[in-house]
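Structure file start_32.cif with mmCIF, C-alpha atoms and all ligand atoms:
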data_coords
#
loop_
_atom_site.label_atom_id
_atom_site.label_comp_id
_atom_site.auth_asym_id
_atom_site.auth_seq_id
_atom_site.Cartn_x
_atom_site.Cartn_y
_atom_site.Cartn_z
CA MET A 1 -104.95 9.00 41.34
CA GLN A 2 -101.91 7.25 42.95
CA ALA A 3 -102.21 3.80 44.52
CA THR A 4 -101.54 3.68 48.25
CA ASP A 5 -99.87 0.23 48.27
CA PRO A 6 -96.50 0.74 50.12
CA ASP A 7 -94.82 -1.81 47.78
CA ILE A 8 -95.36 0.49 44.82
CA TYR A 9 -92.59 3.04 44.25
CA TRP A 10 -93.48 6.03 42.15
CA ILE A 11 -90.58 7.49 40.25
CA THR A 12 -90.55 11.12 39.32
CA GLU A 13 -88.54 12.40 36.41
CA PRO A 14 -85.32 14.10 37.65
CA GLN A 15 -84.97 17.77 36.83
CA LEU A 16 -81.94 18.39 34.65
CA GLY A 17 -79.94 21.57 34.99
CA LEU A 18 -78.25 23.44 32.15
CA ALA A 19 -75.25 21.00 32.11
CA GLY A 20 -77.56 18.00 32.13
CA ASN A 21 -79.60 19.36 29.27
CA MET A 22 -76.39 19.82 27.27
CA TYR A 23 -75.30 16.20 28.10
CA LEU A 24 -72.06 17.53 29.63
CA PRO A 25 -71.78 15.02 32.54
CA LEU A 26 -72.30 12.04 30.19
CA PHE A 27 -69.86 13.51 27.66
CA MET A 28 -67.18 13.90 30.37
CA GLN A 29 -67.86 10.38 31.63
CA GLY A 30 -67.31 8.92 28.14
CA LEU A 31 -64.19 11.00 27.56
CA THR A 32 -62.71 9.89 30.88
CA THR A 33 -63.22 6.23 29.96
CA THR A 34 -61.52 6.77 26.58
CA VAL A 35 -58.51 8.56 28.09
CA LYS A 36 -58.19 5.89 30.80
CA HIS A 37 -57.97 3.15 28.14
CA LEU A 38 -55.35 5.13 26.19
CA PHE A 39 -52.89 4.77 29.07
CA SER A 40 -53.84 1.34 30.42
CA PRO A 41 -51.79 -1.78 29.47
CA LYS A 42 -52.68 -3.21 26.05
CA VAL A 43 -54.36 -6.60 26.06
CA THR A 44 -54.45 -7.20 22.29
CA VAL A 45 -51.58 -8.68 20.26
CA SER A 46 -50.74 -8.53 16.54
CA PHE A 47 -51.70 -12.11 15.79
CA PRO A 48 -50.23 -14.18 14.12
CA GLU A 49 -46.88 -12.35 14.31
CA GLU A 50 -47.29 -12.18 18.09
CA ARG A 51 -48.62 -15.20 19.92
CA PRO A 52 -51.02 -14.68 22.80
CA GLN A 53 -49.82 -16.06 26.12
CA ILE A 54 -52.08 -18.82 27.42
CA GLY A 55 -52.05 -18.48 31.18
CA ASN A 56 -52.53 -22.15 31.97
CA PRO A 57 -52.39 -24.54 28.98
CA LEU A 58 -53.68 -27.32 31.22
CA ILE A 59 -57.12 -25.80 31.30
CA TYR A 60 -57.20 -24.57 27.69
CA ARG A 61 -59.33 -26.42 25.15
CA GLY A 62 -57.68 -26.17 21.75
CA VAL A 63 -56.77 -28.67 19.02
CA HIS A 64 -56.80 -32.33 20.11
CA ARG A 65 -53.84 -34.64 20.27
CA LEU A 66 -53.46 -38.39 20.67
CA ASN A 67 -50.86 -39.14 23.30
CA LYS A 68 -48.11 -41.73 22.99
CA ASP A 69 -46.79 -44.06 25.67
CA GLU A 70 -43.13 -44.46 26.72
CA ALA A 71 -42.55 -46.84 23.79
CA GLY A 72 -43.85 -44.28 21.30
CA ARG A 73 -47.08 -46.22 20.65
CA VAL A 74 -50.50 -44.62 20.59
CA LYS A 75 -51.89 -44.76 24.16
CA CYS A 76 -55.46 -45.29 23.00
CA VAL A 77 -56.92 -48.73 23.75
CA ALA A 78 -59.97 -48.25 21.50
CA CYS A 79 -62.53 -48.41 24.29
CA PHE A 80 -64.87 -45.95 22.53
CA LEU A 81 -65.61 -44.04 25.76
CA CYS A 82 -64.60 -40.72 24.21
CA ALA A 83 -66.79 -41.29 21.14
CA THR A 84 -69.69 -42.25 23.41
CA ALA A 85 -69.25 -39.16 25.57
CA CYS A 86 -68.87 -36.75 22.64
CA PRO A 87 -72.04 -34.65 22.36
CA ALA A 88 -71.17 -33.54 18.83
CA HIS A 89 -70.61 -37.09 17.52
CA CYS A 90 -67.40 -36.05 15.86
CA ILE A 91 -65.09 -38.88 16.94
CA ASP A 92 -64.88 -41.92 14.68
CA ILE A 93 -62.83 -44.92 15.76
CA VAL A 94 -62.17 -48.23 14.03
CA ALA A 95 -60.81 -50.75 16.52
CA ALA A 96 -58.57 -53.69 15.64
CA PRO A 97 -56.84 -56.45 17.63
CA SER A 98 -53.74 -54.98 19.20
CA PRO A 99 -50.35 -56.05 17.84
CA TRP A 100 -48.97 -55.62 21.38
CA PRO A 101 -49.45 -58.04 24.28
CA ASP A 102 -50.34 -55.42 26.92
CA ARG A 103 -53.77 -54.53 25.49
CA GLU A 104 -56.58 -56.18 23.60
CA LYS A 105 -57.37 -53.49 21.05
CA TYR A 106 -55.88 -50.43 19.47
CA PRO A 107 -57.35 -47.83 17.08
CA GLU A 108 -56.67 -48.86 13.51
CA SER A 109 -58.17 -45.54 12.59
CA PHE A 110 -59.09 -42.58 14.81
CA THR A 111 -60.54 -39.38 13.42
CA ILE A 112 -61.90 -36.21 14.96
CA ASP A 113 -63.92 -33.77 12.86
CA GLU A 114 -62.58 -30.51 14.26
CA LEU A 115 -65.28 -28.55 12.44
CA ARG A 116 -68.06 -30.35 14.28
CA CYS A 117 -66.24 -30.32 17.63
CA ILE A 118 -67.52 -27.86 20.20
CA PHE A 119 -64.35 -28.17 22.33
CA CYS A 120 -66.25 -29.20 25.42
CA GLY A 121 -63.50 -31.48 26.73
CA MET A 122 -65.82 -34.42 27.41
CA CYS A 123 -63.60 -36.80 25.39
CA GLU A 124 -60.61 -35.89 27.54
CA GLU A 125 -62.66 -36.39 30.70
CA ALA A 126 -63.96 -39.76 29.55
CA CYS A 127 -60.67 -41.35 28.49
CA PRO A 128 -59.50 -43.89 31.09
CA VAL A 129 -55.88 -43.88 29.88
CA ASP A 130 -55.42 -40.17 29.11
CA ALA A 131 -54.90 -40.90 25.44
CA VAL A 132 -56.85 -37.96 24.02
CA GLU A 133 -56.21 -34.43 25.22
CA LEU A 134 -56.99 -30.91 24.14
CA THR A 135 -53.97 -28.68 23.72
CA SER A 136 -53.48 -24.94 23.86
CA LEU A 137 -53.08 -24.71 20.05
CA LEU A 138 -55.76 -22.24 19.13
CA ASP A 139 -55.24 -21.40 15.46
CA LEU A 140 -57.03 -24.11 13.59
CA THR A 141 -57.10 -23.49 9.85
CA GLY A 142 -57.61 -25.50 6.70
CA ARG A 143 -58.43 -24.91 3.06
CA SER A 144 -61.10 -27.59 2.88
CA ARG A 145 -63.48 -29.46 5.15
CA GLU A 146 -61.45 -32.63 4.58
CA GLU A 147 -58.34 -30.96 6.01
CA MET A 148 -60.21 -30.29 9.22
CA ILE A 149 -60.90 -33.97 9.78
CA PHE A 150 -57.85 -34.95 11.83
CA ASP A 151 -56.82 -38.58 11.39
CA LYS A 152 -54.67 -40.65 13.72
CA GLU A 153 -51.38 -39.58 12.17
CA LYS A 154 -52.28 -35.92 12.38
CA LEU A 155 -53.46 -36.24 15.98
CA LEU A 156 -50.23 -38.04 16.89
CA SER A 157 -48.22 -35.33 15.15
CA VAL A 158 -49.96 -32.72 17.32
CA TYR A 159 -48.67 -34.69 20.32
CA ASP A 160 -45.11 -34.59 18.90
CA MET A 161 -45.48 -30.87 18.31
CA THR A 162 -46.82 -30.00 21.76
CA GLN A 163 -45.45 -32.55 24.20
CA ALA A 164 -42.33 -30.55 25.12
CA ALA A 165 -44.31 -27.43 26.03
CA GLU A 166 -47.34 -29.28 27.34
CA PRO A 167 -46.61 -32.52 29.19
CA MET A 168 -49.45 -34.97 29.52
CA LYS A 169 -51.99 -33.56 31.94
CA SER A 170 -52.08 -36.73 34.05
CA LEU A 171 -48.32 -36.46 34.64
CA GLU A 172 -48.51 -32.74 35.29
CA LEU A 173 -51.32 -33.16 37.80
CA GLY A 174 -49.62 -36.15 39.44
CA ASN A 175 -52.48 -38.60 38.86
CA ALA A 176 -51.16 -40.82 36.12
CA PRO A 177 -53.45 -43.75 35.33
CA SER A 178 -52.26 -47.27 36.08
CA LYS A 179 -52.22 -48.27 32.38
S1 LIG A 201 -64.10 -31.71 22.78
FE1 LIG A 201 -66.25 -32.33 23.03
S2 LIG A 201 -67.16 -32.07 21.01
FE2 LIG A 201 -64.94 -32.07 20.73
S3 LIG A 201 -64.39 -34.18 20.26
FE3 LIG A 201 -64.18 -33.91 22.48
S4 LIG A 201 -66.15 -34.54 23.31
FE4 LIG A 201 -66.46 -34.17 21.14
S1 LIG A 202 -58.96 -42.04 23.24
FE1 LIG A 202 -59.29 -42.89 25.29
S2 LIG A 202 -61.51 -42.94 25.52
FE2 LIG A 202 -61.11 -42.70 23.35
S3 LIG A 202 -61.12 -44.78 22.55
FE3 LIG A 202 -59.01 -44.25 23.03
S4 LIG A 202 -58.68 -45.03 25.11
FE4 LIG A 202 -60.89 -44.94 24.78
#
Hey, can you dump this file as structure tokens for me?
Ligand code: SF4
Ligand code: SF4
Amino acid sequence: MQATDPDIYWITEPQLGLAGNMYLPLFMQGLTTTVKHLFSPKVTVSFPEERPQIGNPLIYRGVHRLNKDEAGRVKCVACFLCATACPAHCIDIVAAPSPWPDREKYPESFTIDELRCIFCGMCEEACPVDAVELTSLLDLTGRSREEMIFDKEKLLSVYDMTQAAEPMKSLELGNAPSK
């Protein structure tokens, strides 16, 4: 016996014809999709021989870099805000008195464990002087876990490698910090 509640919809099984019973409509639907993809523009590339084009490197979250100031010094002032904000606890900083008069501290050592990093971008957001940034470098490889722990020199070298193609985001967005 069927319920009379108007909110209940009873569904009856559709009657399939000869074509339906032979799965012809579904077969043609699948074939059409395959043929359509054969002639549509290709979106894959032969990596690593071909490099994928990153539409907007400013919003890409790849390998980190430590930025340098105009004098070529590390911009970081060892405030620990990035390490505090990092949800993966993969930033380790050892602060020391700065050898320069324009800041109190600088990072004697600065390491990021790229294997623990989840590339959330919180460190970049937290930094008051735009010293740490994520770049559009996406191929991160190493032959050991130790190689994937990027120290200060390696992070500064990523800046040297990427700064021409990817200017500092604060400069690019026109909101450079005062420091
Ligand atoms: S991107 Fe996120 S997880 Fe990676 S170091 Fe920065 S804050 Fe930590
Ligand atoms: S990178 Fe930025 S947030 Fe992190 S310690 Fe240095 S100045 Fe502070």
How close does segment 47-121 of chain A get to segment 127-132 of chain A? List, as JSON lines, each residue of segment 47-121 of chain A within 7 Å, its nearest atom pair and the distance in Å to one decimal, counting only C-alpha atoms.
{"residue": "A:His64", "atom": "CA", "partner": "A:Val132", "partner_atom": "CA", "distance": 6.9}
{"residue": "A:Arg65", "atom": "CA", "partner": "A:Val132", "partner_atom": "CA", "distance": 5.8}
{"residue": "A:Leu66", "atom": "CA", "partner": "A:Val132", "partner_atom": "CA", "distance": 4.8}
{"residue": "A:Asn67", "atom": "CA", "partner": "A:Ala131", "partner_atom": "CA", "distance": 4.9}
{"residue": "A:Lys75", "atom": "CA", "partner": "A:Ala131", "partner_atom": "CA", "distance": 5.1}
{"residue": "A:Cys76", "atom": "CA", "partner": "A:Ala131", "partner_atom": "CA", "distance": 5.1}
{"residue": "A:Leu81", "atom": "CA", "partner": "A:Cys127", "partner_atom": "CA", "distance": 6.3}
{"residue": "A:Cys82", "atom": "CA", "partner": "A:Cys127", "partner_atom": "CA", "distance": 5.8}
Would you name the residues within 12 Å of ligand LIG 202 (chain A), counting only C-alpha atoms and all ligand atoms, and put them as a ChimeraX atom specification?
/A:64-69,74-86,90-96,103-112,121-134,152,155-156,177,179
Restricting the calculation to all atoms listed in the file, which member of A:Phe27, A:Phe119, A:Tyr159, A:Tyr60 is positioned closest to ligand LIG 201 (chain A)?
A:Phe119
Any idea what the distance is between atom CA of Asp102 of chain A and atom CA of Gly72 of chain A?
14.1 Å
Pick the closest to Arg73 of chain A from A:Asp160, A:Leu31, A:Glu49, A:Glu114: which is it, counting only C-alpha atoms?
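Of the candidates, the smallest distance to Arg73 of chain A is held by A:Asp160.
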Using only C-alpha atoms, the best pick from A:Leu138, A:Val35, A:Met148, A:Leu18 as closest to Phe47 of chain A would be A:Leu138
Quick one: pull the distance between atom CA of Pro14 of chain A and atom CA of Gln29 of chain A, Å, one decimal.
18.8 Å
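Atom CA of Cys117 of chain A to atom CA of Leu171 of chain A spans 25.5 Å [interatomic distance, one decimal].
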Closest to ligand LIG 201 (chain A) among A:Ile118, A:Met168, A:Met28, A:Ile54, using only C-alpha atoms and all ligand atoms?
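Of A:Ile118, A:Met168, A:Met28, A:Ile54, the one nearest ligand LIG 201 (chain A), counting only C-alpha atoms and all ligand atoms, is A:Ile118.
Counting only C-alpha atoms and all ligand atoms and comparing A:Lys42, A:Arg51, A:His37, A:His89, the residue that lies closest to ligand LIG 201 (chain A) is A:His89.
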Pick from A:Arg145, A:Arg61, A:Lys154, A:Lys169, whichever lies nearest to ligand LIG 201 (chain A) using all atoms listed in the file
A:Arg61
